[in-house]
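Undergrad: Please see the structure below; I have some questions.
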Amino acid sequence: MIDVYSLSSGCYAVIELRDTPGKTVVVRLADDRLQSLLETALATGNLISFVGQRVTVSSPPRGGSWNMDAYAIDEIALYNKK
């Protein structure tokens with residue numbers, strides 16, 4: 001995981017995919033418990049997996065643009081190994 005940031009309407013995270021080297025994606029979620037798992041993964045460097053649907057984000061919440069796929073996720077598994 002590269003970065004996580006919170007908004008009033010949820011959380012976005014930029015994640016580097018391990019199974020597709022060099023590819024990063026953005027994930028969006030609204031559940032505080034899932035956000036906590038993302039923050040734990042970022043702090044510990046542990047791996048995660050996620051389940052969700054690909055979505056279109058016309059304008060990122062902090063402006064600019066993303067040159068990567070975005071997913072609305074509703075499930076995260078946090079692994080205890082790097």
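Residue numbers start at 1 in each chain; chains themselves are named A, B, ... in the order of the structure tokens; ligands are numbered from 1 in the order shown.
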Skip A:Ala70 itself and residues of its chain fewer than 4 positions away, then list as a ChimeraX atom specification all residues within 9 Å of it, counting only C-alpha atoms.
TA: /A:25-28,53-57,66
Undergrad: Applying 12 Å and only C-alpha atoms, which residues near stretch 37-40 of chain A remain after dropping the ones on its own chain fewer than 5 positions away? List them as a PDB file with C-alpha atoms, in the first residue's frame.
TA:
ATOM      1  CA  MET A   1       0.000   0.000   0.000  1.00  0.00           C
ATOM      2  CA  ILE A   2       1.251   3.436  -0.889  1.00  0.00           C
ATOM      3  CA  ASP A   3      -1.087   5.892   0.817  1.00  0.00           C
ATOM      4  CA  VAL A   4      -4.406   6.199   2.646  1.00  0.00           C
ATOM      5  CA  TYR A   5      -6.447   9.337   3.202  1.00  0.00           C
ATOM      6  CA  SER A   6      -9.787   9.965   4.862  1.00  0.00           C
ATOM      7  CA  CYS A  11     -11.587   6.735   2.561  1.00  0.00           C
ATOM      8  CA  TYR A  12      -9.416   6.401  -0.538  1.00  0.00           C
ATOM      9  CA  ALA A  13      -6.214   4.389  -0.737  1.00  0.00           C
ATOM     10  CA  VAL A  14      -3.619   4.000  -3.469  1.00  0.00           C
ATOM     11  CA  ILE A  15      -2.418   0.400  -3.570  1.00  0.00           C
ATOM     12  CA  VAL A  27      -9.760   1.847  -3.727  1.00  0.00           C
ATOM     13  CA  ARG A  28     -12.714   3.688  -2.202  1.00  0.00           C
ATOM     14  CA  LEU A  29     -14.650   2.623   0.881  1.00  0.00           C
ATOM     15  CA  ALA A  30     -17.071   4.073   3.409  1.00  0.00           C
ATOM     16  CA  ASP A  31     -16.813   1.601   6.310  1.00  0.00           C
ATOM     17  CA  ASP A  32     -14.624   2.700   9.250  1.00  0.00           C
ATOM     18  CA  GLY A  45       3.660  -3.143   5.648  1.00  0.00           C
ATOM     19  CA  ASN A  46       1.522  -6.293   5.654  1.00  0.00           C
ATOM     20  CA  LEU A  47      -0.301  -7.489   2.550  1.00  0.00           C
ATOM     21  CA  ILE A  48      -4.029  -7.158   1.896  1.00  0.00           C
ATOM     22  CA  SER A  49      -6.506  -8.516  -0.585  1.00  0.00           C
ATOM     23  CA  PHE A  50      -9.754  -6.776  -1.470  1.00  0.00           C
ATOM     24  CA  ILE A  73     -14.551  -2.148  -2.158  1.00  0.00           C
ATOM     25  CA  ASP A  74     -16.568  -3.853   0.536  1.00  0.00           C
ATOM     26  CA  GLU A  75     -14.205  -6.581   1.752  1.00  0.00           C
ATOM     27  CA  ILE A  76     -10.572  -6.599   2.886  1.00  0.00           C
ATOM     28  CA  ALA A  77      -8.354  -9.394   4.194  1.00  0.00           C
ATOM     29  CA  LEU A  78      -5.245  -8.303   6.105  1.00  0.00           C
ATOM     30  CA  TYR A  79      -2.419 -10.854   6.088  1.00  0.00           C
ATOM     31  CA  ASN A  80       0.142 -11.165   8.858  1.00  0.00           C
TER      32      ASN A  80
END
Undergrad: Interatomic distance between atom CA of A:Gly52 and atom CA of A:Gly64?
TA: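 Separation of atom CA of A:Gly52 and atom CA of A:Gly64: 23.7 Å.
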Undergrad: Enter the distance from atom CA of A:Thr44 to atom CA of A:Glu16, in Å, rounded to one decimal.
TA: 15.0 Å
